[in-house]
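Visitor: Sharing a structure, written as structure tokens. Questions coming.
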Amino acid sequence: MLAALRGTKDAVRGMRSVVSSFTTGLTCRSPSADPRSNMAALAGLQQFRESSSASGTTAYSVGNSTNIKWHEGSVSREHREKVLNQKGCVLWFTGLSGSGKSTLAYTLEHALASYGKLSMVLDGDNIRHGLNKNLGFSAEDREENIRRIGEVSKLFATTGVITLVSFISPYKRDRDAVRALLPEGDFLEIYMKIPLSVCESRDPKGLYKAARAGKIKGFTGIDDPYEEPENPEFVIEVSKEDGVLLAPEKMAVTVLDYLKVKGYLGE
């Protein structure tokens, strides 16, 4: 029995040694080192510093969340990306309903998988089945819809995943707010340019017809505006007025070539 116990203790010491040597070789990246990091968190931290001597706590507030504190892990983003041999980023597909956002996103996901690269599609309709199922389509709910998915996509990108976000995201300020969450180069805006008339003729979900009949209110492009991106990383002309659609495989090649040249796909 004593021999077995000694063997167990030796095994535990060995594991501790392995963990210690592993974590010693890793570097940590402070979230506050990024100039685009959450300003609310910085403001909360400053407030804490000013009052810590009186309160005796190291916690602080961010927005409506109180008594919280950032916990930094031992595995840096750089280490995760080295493991995956790729660079995390957010490809943000924006455009009218029926413009081909999700079609391109899933085509690109399939192509990336064939290259052995890890990606994930965050589709607007899919997200409303779960995380955002309590949101409607008012301006306020649309803003919260994009804020939430922006935070989620940031988590994916910092994990090293090539994140493909397919959301109409009609308001420029909401898209810009997501861009501001991420370091320079992590947010790639892809505008799916297509005439409204072509989207209406396609109408894969029957939503334009319903909106024209007054059965759907606040529908983007009909009685709610779509604000075109002013300076996106990509403008993909899906179709002209003639309604001839560009093949999704050709669109995917354009994006893939960019990702290769810019080093997102590793070595």
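Each chain of the structure tokens is named A, B, ... in the order shown, its residues numbered from 1; ligands are numbered from 1 in display order.
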Give me, as a Markdown table, the closest atom pair and its distance (Å, one decimal) for every residue of stretch 94-172 of chain A within a cut-off of 8 Å of stretch 197-206 of chain A, counting only C-alpha atoms, rows sorted by chain and rising number.

Guide:
```
| residue | atom | partner | partner_atom | distance |
| --- | --- | --- | --- | --- |
| A:Leu96 | CA | A:Cys199 | CA | 7.5 |
| A:Ser97 | CA | A:Cys199 | CA | 7.0 |
| A:Gly98 | CA | A:Cys199 | CA | 5.2 |
| A:Ser99 | CA | A:Cys199 | CA | 6.3 |
```

Visitor: Write out the residues from the selection above, keeping C-alpha atoms, as a short mmCIF file (atom, residue, chain, number, x, y, z; two decimals), in the first residue's frame.

Guide:
```cif
data_model
loop_
_atom_site.label_atom_id
_atom_site.label_comp_id
_atom_site.auth_asym_id
_atom_site.auth_seq_id
_atom_site.Cartn_x
_atom_site.Cartn_y
_atom_site.Cartn_z
CA LEU A 96 -29.70 42.63 -48.49
CA SER A 97 -31.74 39.55 -47.77
CA GLY A 98 -31.23 37.22 -50.71
CA SER A 99 -27.86 38.67 -51.68
#
```

Visitor: Looking at only C-alpha atoms, which of A:Lys209, A:Glu81, A:Asn231, A:Pro195 is the one that sits closest to A:Val244?

Guide: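 Answer, going by the shortest atom-to-atom distance: A:Pro195.
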
Visitor: With distances taken over only C-alpha atoms, which residue among A:Pro170, A:Gly150, A:Gly73, A:Gly214 lies nearest A:Ser138?

Guide: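 Of the candidates, the smallest distance to A:Ser138 is held by A:Pro170.
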
Visitor: Identify all residues of stretch 173-212 of chain A in helix (DSSP H, G or I) (DSSP on the backbone) and supply them as a list in words.

Guide: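 Residues of stretch 173-212 of chain A classed as helix (DSSP H, G or I): Arg173, Asp174, Arg175, Asp176, Ala177, Val178, Arg179, Ala180, Leu181, Leu196, Ser197, Val198, Cys199, Glu200, Ser201, Arg202, Leu207, Tyr208, Lys209, Ala210, Ala211 and Arg212 of chain A.
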
Visitor: Selection from above, N, CA, C and O atoms, as a compact mmCIF listing (two decimals), in the first residue's frame, can you write it?

Guide:
```txt
# COMPACT_ATOMS: atom_id res chain seq x y z
N ARG A 173 -23.44 52.16 -38.35
CA ARG A 173 -22.89 52.36 -37.01
C ARG A 173 -22.72 51.05 -36.25
O ARG A 173 -21.78 50.89 -35.47
N ASP A 174 -23.62 50.10 -36.49
CA ASP A 174 -23.52 48.80 -35.81
C ASP A 174 -22.34 48.00 -36.34
O ASP A 174 -21.61 47.37 -35.57
N ARG A 175 -22.13 48.03 -37.65
CA ARG A 175 -20.97 47.33 -38.23
C ARG A 175 -19.67 47.97 -37.77
O ARG A 175 -18.71 47.27 -37.45
N ASP A 176 -19.65 49.29 -37.72
CA ASP A 176 -18.45 49.99 -37.26
C ASP A 176 -18.15 49.69 -35.79
O ASP A 176 -16.99 49.63 -35.38
N ALA A 177 -19.20 49.49 -35.00
CA ALA A 177 -19.01 49.17 -33.59
C ALA A 177 -18.33 47.82 -33.43
O ALA A 177 -17.48 47.63 -32.55
N VAL A 178 -18.68 46.86 -34.29
CA VAL A 178 -18.02 45.55 -34.24
C VAL A 178 -16.57 45.69 -34.69
O VAL A 178 -15.67 45.11 -34.07
N ARG A 179 -16.33 46.44 -35.73
CA ARG A 179 -14.95 46.66 -36.19
C ARG A 179 -14.09 47.22 -35.06
O ARG A 179 -12.93 46.82 -34.89
N ALA A 180 -14.66 48.14 -34.28
CA ALA A 180 -13.91 48.78 -33.20
C ALA A 180 -13.58 47.81 -32.07
O ALA A 180 -12.67 48.08 -31.28
N LEU A 181 -14.30 46.70 -31.98
CA LEU A 181 -14.02 45.70 -30.95
C LEU A 181 -12.72 44.96 -31.20
O LEU A 181 -12.11 44.43 -30.27
N LEU A 196 -31.69 45.61 -55.55
CA LEU A 196 -32.87 45.20 -54.78
C LEU A 196 -33.84 44.42 -55.68
O LEU A 196 -34.45 43.43 -55.24
N SER A 197 -33.97 44.84 -56.92
CA SER A 197 -34.91 44.17 -57.84
C SER A 197 -34.55 42.70 -58.05
O SER A 197 -35.43 41.84 -58.17
N VAL A 198 -33.26 42.39 -58.05
CA VAL A 198 -32.83 41.01 -58.24
C VAL A 198 -33.14 40.20 -56.98
O VAL A 198 -33.60 39.06 -57.07
N CYS A 199 -32.90 40.80 -55.82
CA CYS A 199 -33.24 40.11 -54.57
C CYS A 199 -34.74 39.81 -54.50
O CYS A 199 -35.16 38.74 -54.07
N GLU A 200 -35.54 40.78 -54.94
CA GLU A 200 -37.00 40.57 -54.93
C GLU A 200 -37.41 39.48 -55.90
O GLU A 200 -38.31 38.68 -55.61
N SER A 201 -36.76 39.42 -57.04
CA SER A 201 -37.12 38.39 -58.02
C SER A 201 -36.71 37.00 -57.53
O SER A 201 -37.39 36.01 -57.79
N ARG A 202 -35.60 36.94 -56.80
CA ARG A 202 -35.16 35.66 -56.25
C ARG A 202 -36.06 35.26 -55.08
O ARG A 202 -36.60 34.18 -55.05
N LEU A 207 -40.04 36.50 -48.42
CA LEU A 207 -40.14 37.61 -47.48
C LEU A 207 -40.42 38.94 -48.17
O LEU A 207 -41.15 39.79 -47.63
N TYR A 208 -39.85 39.14 -49.35
CA TYR A 208 -40.11 40.40 -50.07
C TYR A 208 -41.58 40.50 -50.45
O TYR A 208 -42.20 41.57 -50.33
N LYS A 209 -42.12 39.42 -50.91
CA LYS A 209 -43.54 39.41 -51.28
C LYS A 209 -44.41 39.73 -50.08
O LYS A 209 -45.37 40.52 -50.18
N ALA A 210 -44.07 39.14 -48.93
CA ALA A 210 -44.83 39.40 -47.71
C ALA A 210 -44.67 40.85 -47.27
O ALA A 210 -45.63 41.49 -46.81
N ALA A 211 -43.47 41.39 -47.41
CA ALA A 211 -43.23 42.78 -47.01
C ALA A 211 -43.98 43.75 -47.91
O ALA A 211 -44.56 44.74 -47.44
N ARG A 212 -43.99 43.48 -49.21
CA ARG A 212 -44.72 44.34 -50.15
C ARG A 212 -46.23 44.30 -49.87
O ARG A 212 -46.93 45.29 -50.09
```

Visitor: Stretch 146-149 of chain A: which residues within 10 Å, counting only C-alpha atoms, same-chain residues fewer than 5 positions away excluded, as a list in words?

Guide: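 What passes the distance filter is Leu122, Asp123, Gly124, Ile127, Leu131, Asn132, Asp141, Lys154, Leu155, Val165, Phe167, Ile168, Ser169, Pro170, Tyr171, Asp174, Arg175, Ala177, Val178 and Leu181 of chain A.
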
Visitor: Do you know which residues are at most 9 Å from A:Gly266 counting only C-alpha atoms, after dropping those on the same chain fewer than 6 positions away, and could you put them as a compact mmCIF listing (two decimals) with N, CA, C and O atoms, in the first residue's frame?

Guide:
```
# COMPACT_ATOMS: atom_id res chain seq x y z
N GLU A 81 -2.94 30.32 -32.31
CA GLU A 81 -2.81 30.45 -33.76
C GLU A 81 -1.65 29.60 -34.29
O GLU A 81 -1.73 29.06 -35.39
N LYS A 82 -0.60 29.47 -33.49
CA LYS A 82 0.53 28.63 -33.88
C LYS A 82 0.10 27.17 -33.93
O LYS A 82 0.49 26.42 -34.84
N LEU A 84 -2.90 26.08 -34.59
CA LEU A 84 -3.80 25.92 -35.74
C LEU A 84 -3.13 26.21 -37.07
O LEU A 84 -3.68 25.88 -38.13
N ASN A 85 -1.97 26.86 -37.03
CA ASN A 85 -1.28 27.31 -38.24
C ASN A 85 -2.19 28.18 -39.10
O ASN A 85 -2.35 27.97 -40.31
N GLN A 86 -2.81 29.16 -38.46
CA GLN A 86 -3.66 30.13 -39.16
C GLN A 86 -3.84 31.33 -38.24
O GLN A 86 -3.50 31.28 -37.06
N LYS A 87 -4.38 32.41 -38.81
CA LYS A 87 -4.61 33.63 -38.04
C LYS A 87 -6.12 33.85 -37.92
O LYS A 87 -6.83 33.85 -38.92
N LYS A 260 -4.83 34.14 -48.29
CA LYS A 260 -3.51 33.55 -48.49
C LYS A 260 -2.44 34.63 -48.52
O LYS A 260 -1.42 34.53 -47.82
```

Visitor: Could you check the closest approach to A:Phe187 for each of A:Leu104, A:Val75, A:Leu164, A:Cys89 and tell me which residue wins, using only C-alpha atoms?

Guide: A:Cys89
